[in-house]
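Chemist: Contents are mmCIF, C-alpha atoms and all ligand atoms; file name protein_27.cif:
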```
data_target
loop_
_atom_site.label_atom_id
_atom_site.label_comp_id
_atom_site.auth_asym_id
_atom_site.auth_seq_id
_atom_site.Cartn_x
_atom_site.Cartn_y
_atom_site.Cartn_z
CA MET A 931 -25.39 -106.83 -18.62
CA PHE A 932 -23.27 -109.93 -17.92
CA LYS A 933 -23.51 -112.80 -20.37
CA ARG A 934 -24.82 -115.80 -18.44
CA ARG A 935 -23.26 -119.16 -19.10
CA LYS A 936 -25.64 -121.39 -21.01
CA THR A 937 -26.70 -124.39 -18.94
CA ARG A 938 -29.32 -127.07 -18.87
CA THR A 939 -32.41 -126.08 -16.95
CA VAL A 940 -33.36 -127.91 -13.80
CA LYS A 941 -36.79 -127.81 -12.22
CA VAL A 942 -36.86 -127.54 -8.46
CA GLY A 943 -40.54 -127.69 -7.64
CA ARG A 944 -41.98 -124.67 -9.45
CA VAL A 945 -38.61 -122.90 -9.58
CA ILE A 946 -36.44 -123.11 -12.69
CA ILE A 947 -32.69 -123.02 -12.20
CA GLY A 948 -30.16 -122.41 -14.93
CA SER A 949 -29.89 -121.06 -18.45
CA SER A 950 -31.59 -117.67 -18.61
CA ALA A 951 -33.83 -118.14 -15.55
CA PRO A 952 -33.29 -115.49 -12.85
CA ILE A 953 -30.57 -116.30 -10.34
CA VAL A 954 -32.27 -117.83 -7.31
CA ILE A 955 -31.34 -116.82 -3.77
CA GLN A 956 -31.50 -119.58 -1.20
CA SER A 957 -30.80 -119.94 2.47
CA MET A 958 -31.11 -122.54 5.22
CA THR A 959 -33.33 -122.66 8.26
CA LYS A 960 -31.45 -122.36 11.53
CA THR A 961 -34.20 -123.74 13.75
CA PRO A 962 -34.47 -127.46 14.64
CA THR A 963 -36.37 -129.13 11.78
CA THR A 964 -38.50 -130.97 14.34
CA ASP A 965 -39.79 -127.60 15.59
CA ILE A 966 -42.33 -127.36 12.79
CA ALA A 967 -43.95 -124.07 13.80
CA ARG A 968 -40.65 -122.18 14.08
CA CYS A 969 -39.38 -123.69 10.84
CA VAL A 970 -42.49 -122.68 8.95
CA ARG A 971 -42.23 -119.15 10.37
CA GLN A 972 -38.58 -118.87 9.33
CA ILE A 973 -39.22 -120.32 5.87
CA ASN A 974 -42.03 -117.81 5.28
CA GLN A 975 -39.79 -114.95 6.47
CA LEU A 976 -37.05 -116.09 4.10
CA ALA A 977 -39.47 -116.37 1.19
CA GLN A 978 -40.76 -112.89 1.90
CA ALA A 979 -37.19 -111.57 2.08
CA GLY A 980 -36.44 -112.90 -1.42
CA CYS A 981 -35.44 -116.57 -1.07
CA GLY A 982 -36.74 -118.65 -3.95
CA LEU A 983 -35.67 -121.89 -2.27
CA VAL A 984 -35.08 -122.86 1.34
CA ARG A 985 -32.93 -125.75 2.57
CA LEU A 986 -33.41 -127.71 5.78
CA ALA A 987 -31.06 -130.16 7.45
CA VAL A 988 -32.65 -133.57 8.11
CA PRO A 989 -30.15 -135.51 10.21
CA THR A 990 -32.65 -137.92 11.84
CA ARG A 991 -35.81 -139.88 11.03
CA LEU A 992 -37.75 -137.39 13.17
CA ASP A 993 -36.45 -134.56 10.97
CA THR A 994 -37.63 -136.15 7.72
CA ALA A 995 -41.01 -136.83 9.37
CA ALA A 996 -41.20 -133.13 10.33
CA PHE A 997 -39.98 -132.15 6.84
CA ALA A 998 -42.98 -133.99 5.34
CA LYS A 999 -45.32 -131.82 7.41
CA ILE A 1000 -43.41 -128.58 6.72
CA VAL A 1001 -43.53 -129.14 2.94
CA ARG A 1002 -47.32 -129.05 3.11
CA LYS A 1003 -47.42 -125.80 5.10
CA VAL A 1004 -45.27 -123.55 2.88
CA SER A 1005 -45.39 -122.50 -0.74
CA VAL A 1006 -41.65 -122.13 -1.38
CA PRO A 1007 -39.95 -125.32 -2.67
CA LEU A 1008 -37.83 -127.01 -0.01
CA ILE A 1009 -34.47 -128.71 -0.25
CA ALA A 1010 -33.37 -131.46 2.12
CA ASP A 1011 -29.75 -131.36 3.14
CA ILE A 1012 -28.40 -134.91 3.46
CA HIS A 1013 -25.08 -135.79 4.92
CA PHE A 1014 -24.42 -139.39 5.80
CA SER A 1015 -27.66 -141.30 5.49
CA THR A 1016 -29.11 -142.82 2.34
CA ASN A 1017 -32.34 -143.47 4.24
CA ARG A 1018 -32.70 -139.76 5.05
CA ALA A 1019 -32.36 -138.97 1.35
CA LEU A 1020 -35.02 -141.54 0.43
CA GLU A 1021 -37.35 -140.34 3.19
CA ALA A 1022 -36.90 -136.69 2.18
CA ILE A 1023 -37.69 -137.49 -1.45
CA GLU A 1024 -40.82 -139.39 -0.35
CA ALA A 1025 -41.69 -136.45 1.92
CA GLY A 1026 -41.85 -134.04 -1.03
CA ALA A 1027 -38.40 -132.44 -1.17
CA ALA A 1028 -38.06 -130.46 -4.41
CA LYS A 1029 -34.34 -131.12 -4.32
CA VAL A 1030 -31.93 -133.04 -2.12
CA ARG A 1031 -28.36 -132.06 -1.57
CA LEU A 1032 -25.88 -134.93 -1.47
CA ASN A 1033 -22.29 -134.60 -0.37
CA PRO A 1034 -20.04 -136.98 -2.36
CA GLY A 1035 -17.63 -137.00 0.56
CA ASN A 1036 -20.29 -138.69 2.70
CA ILE A 1037 -22.49 -140.94 0.51
CA LYS A 1038 -20.18 -143.02 -1.63
CA SER A 1039 -21.69 -146.46 -2.20
CA ARG A 1040 -22.82 -146.99 -5.78
CA GLU A 1041 -25.79 -149.00 -4.60
CA SER A 1042 -26.95 -146.22 -2.26
CA ILE A 1043 -26.60 -143.61 -4.98
CA HIS A 1044 -28.57 -145.74 -7.40
CA ARG A 1045 -31.40 -146.10 -4.88
CA ILE A 1046 -31.48 -142.33 -4.40
CA ILE A 1047 -31.41 -141.68 -8.16
CA ASP A 1048 -34.30 -144.09 -8.77
CA ALA A 1049 -36.41 -142.49 -6.04
CA ALA A 1050 -35.57 -138.98 -7.32
CA LYS A 1051 -36.59 -139.96 -10.84
CA MET A 1052 -39.87 -141.37 -9.62
CA HIS A 1053 -40.71 -138.23 -7.60
CA LYS A 1054 -39.21 -135.71 -10.07
CA THR A 1055 -36.82 -134.50 -7.40
CA ALA A 1056 -33.70 -132.58 -8.43
CA ILE A 1057 -30.36 -133.39 -6.84
CA ARG A 1058 -27.51 -131.07 -5.97
CA ILE A 1059 -24.12 -132.65 -5.86
CA GLY A 1060 -22.51 -130.45 -3.26
CA ILE A 1061 -18.81 -130.92 -2.71
CA ASN A 1062 -17.28 -129.36 0.37
CA GLU A 1063 -13.52 -129.08 0.25
CA ALA A 1064 -13.32 -130.05 3.91
CA SER A 1065 -15.22 -133.31 3.46
CA ILE A 1066 -13.04 -134.82 0.73
CA ARG A 1067 -10.78 -137.34 2.43
CA ASP A 1068 -7.65 -136.55 0.42
CA LEU A 1069 -8.07 -132.84 1.18
CA LYS A 1070 -8.19 -133.25 4.93
CA LYS A 1071 -4.39 -133.28 5.00
CA GLN A 1072 -2.70 -129.94 5.27
CA ASN A 1073 -0.03 -128.55 2.95
CA ILE A 1074 -1.80 -129.53 -0.26
CA ALA A 1075 -1.15 -126.93 -2.94
CA PRO A 1076 -4.26 -124.95 -4.05
CA GLN A 1077 -4.06 -126.24 -7.66
CA LYS A 1078 -3.91 -129.83 -6.40
CA ARG A 1079 -6.93 -129.17 -4.16
CA ILE A 1080 -8.90 -127.85 -7.12
CA ALA A 1081 -7.86 -130.79 -9.31
CA LEU A 1082 -8.98 -133.24 -6.60
CA MET A 1083 -12.34 -131.51 -6.15
CA LEU A 1084 -12.93 -131.57 -9.89
CA LYS A 1085 -11.96 -135.25 -10.07
CA GLU A 1086 -14.43 -136.05 -7.28
CA MET A 1087 -17.17 -134.11 -9.08
CA LYS A 1088 -16.52 -135.88 -12.39
CA LYS A 1089 -16.64 -139.28 -10.70
CA TYR A 1090 -19.93 -138.50 -8.96
CA VAL A 1091 -21.62 -136.89 -11.97
CA ARG A 1092 -20.73 -139.94 -14.04
CA LEU A 1093 -22.68 -142.16 -11.62
CA PHE A 1094 -25.80 -140.07 -12.23
CA GLU A 1095 -25.36 -139.78 -15.98
CA ASN A 1096 -24.76 -143.52 -16.32
CA ARG A 1097 -28.22 -143.96 -14.83
CA SER A 1098 -29.65 -141.28 -17.16
CA PHE A 1099 -30.26 -138.75 -14.40
CA THR A 1100 -29.60 -135.17 -15.44
CA GLN A 1101 -31.73 -133.07 -13.07
CA LEU A 1102 -28.51 -132.02 -11.41
CA VAL A 1103 -27.21 -128.84 -9.86
CA LEU A 1104 -23.51 -128.76 -9.00
CA SER A 1105 -21.64 -126.95 -6.27
CA ALA A 1106 -18.12 -126.95 -4.88
CA LYS A 1107 -17.49 -124.88 -1.81
CA SER A 1108 -14.43 -123.90 0.13
CA SER A 1109 -14.00 -121.41 2.93
CA ASP A 1110 -11.35 -119.80 0.73
CA ALA A 1111 -12.67 -117.24 -1.76
CA SER A 1112 -9.96 -117.69 -4.39
CA ARG A 1113 -10.26 -121.50 -4.41
CA THR A 1114 -14.05 -121.18 -4.63
CA ILE A 1115 -13.61 -118.97 -7.70
CA GLU A 1116 -11.14 -121.35 -9.34
CA ILE A 1117 -13.04 -124.59 -8.74
CA ASN A 1118 -16.28 -123.07 -10.01
CA ARG A 1119 -14.57 -121.83 -13.17
CA CYS A 1120 -13.36 -125.41 -13.74
CA ILE A 1121 -16.84 -126.84 -13.12
CA ALA A 1122 -18.37 -124.30 -15.51
CA GLU A 1123 -15.89 -125.32 -18.21
CA THR A 1124 -16.40 -129.04 -17.66
CA PHE A 1125 -20.18 -129.42 -17.22
CA ASP A 1126 -23.32 -127.79 -18.54
CA TYR A 1127 -25.36 -128.23 -15.35
CA PRO A 1128 -26.52 -125.20 -13.36
CA ILE A 1129 -24.16 -124.16 -10.58
CA HIS A 1130 -25.01 -123.30 -6.99
CA LEU A 1131 -22.51 -120.79 -5.60
CA GLY A 1132 -21.44 -120.23 -2.03
CA LEU A 1133 -18.58 -120.21 0.40
CA THR A 1134 -18.67 -122.68 3.21
CA HIS A 1135 -18.14 -121.70 6.84
CA ALA A 1136 -17.78 -118.07 5.83
CA GLY A 1137 -17.94 -116.74 9.40
CA LEU A 1138 -19.93 -114.21 11.35
CA PRO A 1139 -21.96 -111.85 9.12
CA GLU A 1140 -19.40 -109.04 9.38
CA ASP A 1141 -16.64 -111.46 8.32
CA ALA A 1142 -18.68 -113.37 5.73
CA ARG A 1143 -19.85 -110.35 3.78
CA ILE A 1144 -16.67 -109.39 1.93
CA PRO A 1145 -15.27 -112.85 1.02
CA SER A 1146 -18.77 -113.88 -0.15
CA ALA A 1147 -19.16 -110.72 -2.23
CA ILE A 1148 -15.74 -111.23 -3.81
CA ALA A 1149 -16.14 -114.95 -4.58
CA LEU A 1150 -19.78 -114.85 -5.68
CA GLY A 1151 -19.47 -111.42 -7.33
CA THR A 1152 -16.44 -112.45 -9.41
CA LEU A 1153 -18.12 -115.62 -10.64
CA LEU A 1154 -21.47 -113.98 -11.32
CA ALA A 1155 -19.75 -111.21 -13.30
CA GLU A 1156 -18.24 -113.99 -15.44
CA GLY A 1157 -21.72 -115.39 -16.03
CA ILE A 1158 -21.17 -118.35 -13.68
CA GLY A 1159 -23.78 -119.19 -11.06
CA ASP A 1160 -27.50 -119.94 -11.23
CA THR A 1161 -28.43 -120.04 -7.57
CA ILE A 1162 -26.55 -118.56 -4.61
CA ARG A 1163 -26.39 -118.96 -0.89
CA VAL A 1164 -24.37 -116.70 1.37
CA SER A 1165 -23.32 -118.62 4.48
CA ALA A 1166 -23.09 -116.63 7.69
CA ALA A 1167 -23.46 -117.67 11.28
CA GLY A 1168 -26.76 -116.52 12.77
CA ASN A 1169 -30.03 -115.25 11.38
CA PRO A 1170 -30.60 -116.52 7.80
CA LEU A 1171 -32.38 -113.27 6.94
CA VAL A 1172 -28.94 -111.64 7.14
CA GLU A 1173 -27.62 -114.19 4.62
CA THR A 1174 -30.49 -113.36 2.31
CA LYS A 1175 -29.87 -109.64 2.65
CA ILE A 1176 -26.17 -110.03 1.74
CA ALA A 1177 -27.05 -112.32 -1.20
CA LYS A 1178 -29.52 -109.74 -2.46
CA GLN A 1179 -26.99 -106.94 -2.09
CA ILE A 1180 -24.48 -108.91 -4.20
CA LEU A 1181 -27.02 -109.48 -6.96
CA ILE A 1182 -28.28 -105.89 -6.84
CA ALA A 1183 -24.71 -104.54 -7.07
CA LEU A 1184 -24.27 -106.55 -10.29
CA GLY A 1185 -27.63 -105.55 -11.72
CA LEU A 1186 -28.84 -109.14 -11.48
CA TYR A 1187 -31.76 -108.53 -9.13
CA GLU A 1188 -34.57 -106.10 -9.48
CA ARG A 1189 -34.83 -104.00 -6.36
CA SER A 1190 -38.36 -103.67 -4.99
CA THR A 1191 -37.54 -101.49 -1.97
CA PRO A 1192 -35.91 -98.05 -1.67
CA GLU A 1193 -32.18 -97.64 -2.12
CA LEU A 1194 -30.54 -95.22 0.29
CA ILE A 1195 -27.51 -93.35 -1.04
CA VAL A 1196 -25.48 -91.56 1.62
CA CYS A 1197 -22.41 -89.42 1.08
CA PRO A 1198 -19.33 -90.62 2.96
CA THR A 1199 -19.21 -87.23 4.78
CA CYS A 1200 -16.16 -85.01 5.10
CA ALA A 1201 -15.14 -81.78 6.78
CA ARG A 1202 -17.72 -79.89 4.67
CA ALA A 1203 -20.67 -81.64 6.33
CA GLU A 1204 -22.60 -79.23 8.48
CA ILE A 1205 -24.85 -81.75 10.20
CA ASP A 1206 -24.58 -85.29 11.55
CA VAL A 1207 -25.12 -87.06 8.21
CA VAL A 1208 -25.01 -90.58 9.63
CA ARG A 1209 -27.67 -89.79 12.22
CA LEU A 1210 -29.87 -88.21 9.56
CA ALA A 1211 -29.32 -91.19 7.21
CA ARG A 1212 -30.31 -93.62 9.98
CA ARG A 1213 -33.53 -91.67 10.55
CA VAL A 1214 -34.24 -91.62 6.82
CA GLU A 1215 -33.55 -95.38 6.61
CA LYS A 1216 -36.10 -95.94 9.38
CA ALA A 1217 -38.67 -93.77 7.59
CA LEU A 1218 -38.20 -95.80 4.40
CA ARG A 1219 -38.86 -99.18 6.05
CA GLY A 1220 -41.96 -100.89 4.75
CA ILE A 1221 -42.03 -98.97 1.45
CA ASP A 1222 -42.10 -101.36 -1.46
CA LYS A 1223 -41.08 -99.11 -4.33
CA PRO A 1224 -37.61 -99.11 -5.91
CA LEU A 1225 -36.98 -95.42 -5.07
CA ARG A 1226 -33.49 -93.88 -4.90
CA ILE A 1227 -33.21 -91.54 -1.93
CA ALA A 1228 -29.95 -89.62 -1.42
CA VAL A 1229 -28.77 -88.04 1.81
CA MET A 1230 -25.89 -85.62 1.21
CA GLY A 1231 -23.92 -83.69 3.79
CA CYS A 1232 -23.54 -80.36 2.00
CA ILE A 1233 -24.57 -78.32 -1.01
CA VAL A 1234 -21.06 -78.24 -2.49
CA ASN A 1235 -21.21 -81.69 -4.11
CA GLY A 1236 -24.53 -82.90 -2.76
CA PRO A 1237 -26.95 -81.67 -5.47
CA GLY A 1238 -24.79 -83.03 -8.29
CA GLU A 1239 -24.32 -86.38 -6.62
CA ALA A 1240 -28.03 -86.63 -5.80
CA ALA A 1241 -29.08 -85.67 -9.33
CA ASP A 1242 -30.12 -89.16 -10.38
CA ALA A 1243 -32.03 -89.84 -7.16
CA ASP A 1244 -35.82 -89.66 -6.98
CA LEU A 1245 -35.36 -87.50 -3.91
CA GLY A 1246 -32.17 -85.83 -2.69
CA ILE A 1247 -31.75 -84.31 0.76
CA CYS A 1248 -28.76 -81.96 0.86
CA ALA A 1249 -28.03 -80.75 4.36
CA ALA A 1250 -26.79 -77.26 5.20
CA LYS A 1251 -26.44 -75.48 8.52
CA ASN A 1252 -29.71 -76.03 10.47
CA LYS A 1253 -31.65 -76.88 7.31
CA ALA A 1254 -31.81 -79.12 4.24
CA TYR A 1255 -32.59 -78.56 0.60
CA PHE A 1256 -34.85 -81.13 -1.03
CA TYR A 1257 -34.19 -82.04 -4.68
CA ARG A 1258 -36.44 -84.07 -6.89
CA ASN A 1259 -34.86 -85.50 -10.04
CA GLY A 1260 -32.02 -82.98 -9.73
CA ARG A 1261 -34.24 -79.89 -9.22
CA LYS A 1262 -34.49 -78.03 -5.91
CA ILE A 1263 -38.07 -78.21 -4.66
CA SER A 1264 -37.94 -76.91 -1.08
CA THR A 1265 -35.90 -75.71 1.89
CA VAL A 1266 -36.72 -77.48 5.17
CA PRO A 1267 -35.61 -76.65 8.75
CA GLU A 1268 -33.45 -79.41 10.26
CA ASN A 1269 -36.10 -80.47 12.80
CA LYS A 1270 -38.71 -80.95 10.02
CA ILE A 1271 -36.60 -83.07 7.62
CA ILE A 1272 -38.22 -86.44 8.37
CA GLN A 1273 -41.72 -84.96 8.39
CA ALA A 1274 -41.03 -83.35 5.00
CA LEU A 1275 -39.54 -86.60 3.71
CA LEU A 1276 -42.66 -88.57 4.67
CA LYS A 1277 -44.81 -86.03 2.85
CA GLU A 1278 -42.62 -86.18 -0.27
CA LEU A 1279 -42.70 -89.97 -0.25
CA GLN A 1280 -46.45 -89.88 -0.72
CA ASN A 1281 -45.90 -88.10 -4.03
CA LEU A 1282 -43.27 -90.51 -5.37
S1 LIG B 1 -21.63 -84.36 -0.13
FE1 LIG B 1 -20.47 -82.67 0.85
S2 LIG B 1 -20.20 -83.44 2.95
FE2 LIG B 1 -20.73 -85.20 1.75
S3 LIG B 1 -18.77 -86.06 1.16
FE3 LIG B 1 -19.47 -84.76 -0.53
S4 LIG B 1 -18.47 -82.82 -0.12
FE4 LIG B 1 -18.35 -83.97 1.79
#
```
Would you write the structure of this file as structure tokens?
Ligand code: SF4

Modeler:
Amino acid sequence: MFKRRKTRTVKVGRVIIGSSAPIVIQSMTKTPTTDIARCVRQINQLAQAGCGLVRLAVPTRLDTAAFAKIVRKVSVPLIADIHFSTNRALEAIEAGAAKVRLNPGNIKSRESIHRIIDAAKMHKTAIRIGINEASIRDLKKQNIAPQKRIALMLKEMKKYVRLFENRSFTQLVLSAKSSDASRTIEINRCIAETFDYPIHLGLTHAGLPEDARIPSAIALGTLLAEGIGDTIRVSAAGNPLVETKIAKQILIALGLYERSTPELIVCPTCARAEIDVVRLARRVEKALRGIDKPLRIAVMGCIVNGPGEAADADLGICAAKNKAYFYRNGRKISTVPENKIIQALLKELQNL
């Protein structure tokens, strides 16, 4: 539906990023990297939830040693997140990282970058140049106008990319993150105009899940609708499965991700509702858990607008006083007493 921006393609392990390849969801582990068993469990949960790539922080030598073991225990390609240490980047590449993320604000020496590039070339490791607005020295001062901030981020990106291109390294993914949604949109538009490398989208330090959801949806959704963005990560404090769920919801809303589980449509309710619609919807949601078919199930509060609104659902439940009418593909198929709705739903699901 949206015309994707044409980019180079970059191979991250077995995952292709860029051009017409599907947009890849990624997240980060939130367990200590040295706790191998918990990391592996979380990585597998993330992969099962829809992450095509998983990133791990490797701040110490012990972390890269653990990373080397984790790589061998999971099937999803792993990314090592490097901040200050060239040695960590080299160790992670040796350990089997499919990609390393470098922050230009933190690794600056030409010699260090050349060492990393040479190791990445040898091991066929991709590199993400990940600029964070907060880690660029000139942007740490306050009162810098937004346009100036964007210009400085772009300048930093150009300078860094040039170092890689001058050494004939093009397996690059670019990202520029801010905690501000509008600046994230603007800087990524500039990067998309300037370079033909795939872009990783995300906000940085987006907040608690309830606060991160809307700014992330606006920033990532706007860019994706413009065809910009080849891999996304929603940042939210806490469980990374929540990040993955929000990322998936953004892609699904734009028609960029094929749903494999049921979609629950619920009317907003109004004074016409004759039962507790939210309670019923929660019970239906629970009944749908574990079903891996892209069904559309609608729960409507009344028969005034309910049947019409549920017409394009595989199954519509329109509540009335003490009962519900079941609709399949817009046609009424049964009348069910209120206390039998979930039982009837489970039976209907077997036929869908
Ligand atoms: S389906 Fe009925 S109860 Fe629900 S919002 Fe529409 S009119 Fe109101």

Chemist: If we draw a sphere of 9 Å around (-40.7, -128.5, -0.2), which residues have at least one atom in it when counting all atoms listed in the file? Please report them as a PDB file with C-alpha atoms, in the coordinates of the input.

Modeler:
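The resulting file, point15.pdb, is reproduced below:
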```
ATOM      1  CA  GLY A 943     -40.540-127.690  -7.640  1.00  0.00           C
ATOM      2  CA  LEU A 983     -35.670-121.890  -2.270  1.00  0.00           C
ATOM      3  CA  VAL A 984     -35.080-122.860   1.340  1.00  0.00           C
ATOM      4  CA  ARG A 985     -32.930-125.750   2.570  1.00  0.00           C
ATOM      5  CA  PHE A 997     -39.980-132.150   6.840  1.00  0.00           C
ATOM      6  CA  ALA A 998     -42.980-133.990   5.340  1.00  0.00           C
ATOM      7  CA  ILE A1000     -43.410-128.580   6.720  1.00  0.00           C
ATOM      8  CA  VAL A1001     -43.530-129.140   2.940  1.00  0.00           C
ATOM      9  CA  ARG A1002     -47.320-129.050   3.110  1.00  0.00           C
ATOM     10  CA  LYS A1003     -47.420-125.800   5.100  1.00  0.00           C
ATOM     11  CA  VAL A1004     -45.270-123.550   2.880  1.00  0.00           C
ATOM     12  CA  SER A1005     -45.390-122.500  -0.740  1.00  0.00           C
ATOM     13  CA  VAL A1006     -41.650-122.130  -1.380  1.00  0.00           C
ATOM     14  CA  PRO A1007     -39.950-125.320  -2.670  1.00  0.00           C
ATOM     15  CA  LEU A1008     -37.830-127.010  -0.010  1.00  0.00           C
ATOM     16  CA  ILE A1009     -34.470-128.710  -0.250  1.00  0.00           C
ATOM     17  CA  ALA A1010     -33.370-131.460   2.120  1.00  0.00           C
ATOM     18  CA  ALA A1025     -41.690-136.450   1.920  1.00  0.00           C
ATOM     19  CA  GLY A1026     -41.850-134.040  -1.030  1.00  0.00           C
ATOM     20  CA  ALA A1027     -38.400-132.440  -1.170  1.00  0.00           C
ATOM     21  CA  ALA A1028     -38.060-130.460  -4.410  1.00  0.00           C
ATOM     22  CA  LYS A1029     -34.340-131.120  -4.320  1.00  0.00           C
TER      23      LYS A1029
END
```

Chemist: Taking all atoms listed in the file into account, report as a ChimeraX atom specification which residues have an atom no farther than 12 Å from an atom of ligand LIG 1 (chain B).

Modeler: /A:1195-1208,1211,1228-1241,1246-1251

Chemist: Hey, what's within 12 Å of Ala1183 (chain A) if we count all atoms listed in the file and toss same-chain stuff fewer than 6 positions away? As a list in words, please?

Modeler: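 The contact residues come out as Met931, Ala1147, Ile1148, Leu1150, Gly1151, Thr1152, Leu1154, Ala1155, Ile1176, Ala1177, Arg1189 and Glu1193 of chain A.
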
Chemist: Near region 1080-1093 of chain A, counting all atoms listed in the file, which residues have an atom at most 9 Å away, once you skip same-chain residues fewer than 4 positions from it, shown as a PyMOL selection string?

Modeler: chain A and resi 1034-1035+1038+1040+1043-1044+1059-1063+1066+1068-1069+1075-1076+1097-1100+1102+1104-1106+1113-1114+1116-1117+1120-1121+1124-1125

Chemist: Report, in Å to a single decimal, how far apart CA of Asp1011 (chain A) and CA of Gln972 (chain A) are.

Modeler: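 Spanning CA of Gln972 (chain A) to CA of Asp1011 (chain A) is a straight-line distance of 16.5 Å.
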
Chemist: Counting all atoms listed in the file, select every polymer residue within 10 Å of (-31.1, -71.5, 9.7) as defined in the file's coordinates, and provide the selection as a PDB file with C-alpha atoms, in the frame of the given file.

Modeler:
```
ATOM      1  CA  ALA A1250     -26.790 -77.260   5.200  1.00  0.00           C
ATOM      2  CA  LYS A1251     -26.440 -75.480   8.520  1.00  0.00           C
ATOM      3  CA  ASN A1252     -29.710 -76.030  10.470  1.00  0.00           C
ATOM      4  CA  LYS A1253     -31.650 -76.880   7.310  1.00  0.00           C
ATOM      5  CA  ALA A1254     -31.810 -79.120   4.240  1.00  0.00           C
ATOM      6  CA  VAL A1266     -36.720 -77.480   5.170  1.00  0.00           C
ATOM      7  CA  PRO A1267     -35.610 -76.650   8.750  1.00  0.00           C
ATOM      8  CA  GLU A1268     -33.450 -79.410  10.260  1.00  0.00           C
TER       9      GLU A1268
END
```

Chemist: Within 9 Å of Ala979 (chain A), counting only C-alpha atoms, which residues qualify if same-chain residues fewer than 6 places away don't, as a count of residues only?

Modeler: 3

Chemist: Taking all atoms of region 1269-1276 of chain A that the file lists and extending 4 Å past them on each side, where is the centre of the axis-aligned box and how long are its edges? Answer in Å to one decimal, as AutoDock Vina command-line options.

Modeler:
```
--center_x -39.4 --center_y -84.5 --center_z 8.3 --size_x 14.6 --size_y 16.1 --size_z 17.1
```

Chemist: What lies within 10 Å of Ala1019 (chain A) using only C-alpha atoms, ignoring chain neighbours under 6 positions off, as a PDB file with C-alpha atoms, in the coordinates of the input?

Modeler:
```pdb
ATOM      1  CA  VAL A 988     -32.650-133.570   8.110  1.00  0.00           C
ATOM      2  CA  PRO A 989     -30.150-135.510  10.210  1.00  0.00           C
ATOM      3  CA  THR A 994     -37.630-136.150   7.720  1.00  0.00           C
ATOM      4  CA  ALA A1010     -33.370-131.460   2.120  1.00  0.00           C
ATOM      5  CA  ASP A1011     -29.750-131.360   3.140  1.00  0.00           C
ATOM      6  CA  ILE A1012     -28.400-134.910   3.460  1.00  0.00           C
ATOM      7  CA  HIS A1013     -25.080-135.790   4.920  1.00  0.00           C
ATOM      8  CA  ALA A1025     -41.690-136.450   1.920  1.00  0.00           C
ATOM      9  CA  ALA A1027     -38.400-132.440  -1.170  1.00  0.00           C
ATOM     10  CA  LYS A1029     -34.340-131.120  -4.320  1.00  0.00           C
ATOM     11  CA  VAL A1030     -31.930-133.040  -2.120  1.00  0.00           C
ATOM     12  CA  ARG A1031     -28.360-132.060  -1.570  1.00  0.00           C
ATOM     13  CA  LEU A1032     -25.880-134.930  -1.470  1.00  0.00           C
ATOM     14  CA  SER A1042     -26.950-146.220  -2.260  1.00  0.00           C
ATOM     15  CA  ILE A1043     -26.600-143.610  -4.980  1.00  0.00           C
ATOM     16  CA  ARG A1045     -31.400-146.100  -4.880  1.00  0.00           C
ATOM     17  CA  ILE A1046     -31.480-142.330  -4.400  1.00  0.00           C
ATOM     18  CA  ILE A1047     -31.410-141.680  -8.160  1.00  0.00           C
ATOM     19  CA  ALA A1049     -36.410-142.490  -6.040  1.00  0.00           C
ATOM     20  CA  ALA A1050     -35.570-138.980  -7.320  1.00  0.00           C
TER      21      ALA A1050
END
```

Chemist: Could you state the separation of CA of Gln1280 (chain A) and CA of Gln978 (chain A) in Å, given to one decimal place?

Modeler: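 CA of Gln978 (chain A) lies 23.8 Å from CA of Gln1280 (chain A).
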
Chemist: Smallest atom-to-atom distance to Ile1023 (chain A): which of A:Ala1167, A:Ile1180, A:Ala1056, A:Leu992, using all atoms listed in the file?

Modeler: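 Result for the nearest residue to Ile1023 (chain A): A:Ala1056.
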
Chemist: Could you give me, as a list in words, the residues within 6 Å of Thr937 (chain A), counting all atoms listed in the file and dropping anything in the same chain fewer than 6 positions from it?

Modeler: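 Neighbouring residues, sequence-local ones excluded: Gly948, Ser949, Asp1126, Tyr1127 and Pro1128 of chain A.
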
Chemist: Nearest residue to Ser1015 (chain A) out of A:Ile953, A:Ala987, A:Ile1057, A:Ala996, using only C-alpha atoms?

Modeler: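 With only C-alpha atoms as the atom set, the closest residue is A:Ala987.
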
Chemist: CA of Arg1058 (chain A) and CA of Leu1020 (chain A), how far apart in Å?

Modeler: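 It comes out at 14.4 Å.
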
Chemist: For each of A:Asn1036, A:Met1052, A:Ile955, A:Leu1218, take the minimum atom-to-atom distance to His1130 (chain A), counting all atoms listed in the file, then give the residue where this is smallest.

Modeler: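 Comparing A:Asn1036, A:Met1052, A:Ile955, A:Leu1218 against His1130 (chain A), the winner is A:Ile955.
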
Chemist: Check the smallest atom-to-atom distance from each of A:Met958, A:Ile1272, A:Leu1194, A:Leu1245 to Asn1259 (chain A) using only C-alpha atoms, then report the winner.

Modeler: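 Residue with the minimum atom-to-atom distance to Asn1259 (chain A): A:Leu1245.
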
Chemist: Pick the closest to Asn1169 (chain A) from A:Ala1022, A:Leu986, A:Leu1276, A:Leu1138: which is it, counting all atoms listed in the file?

Modeler: A:Leu1138
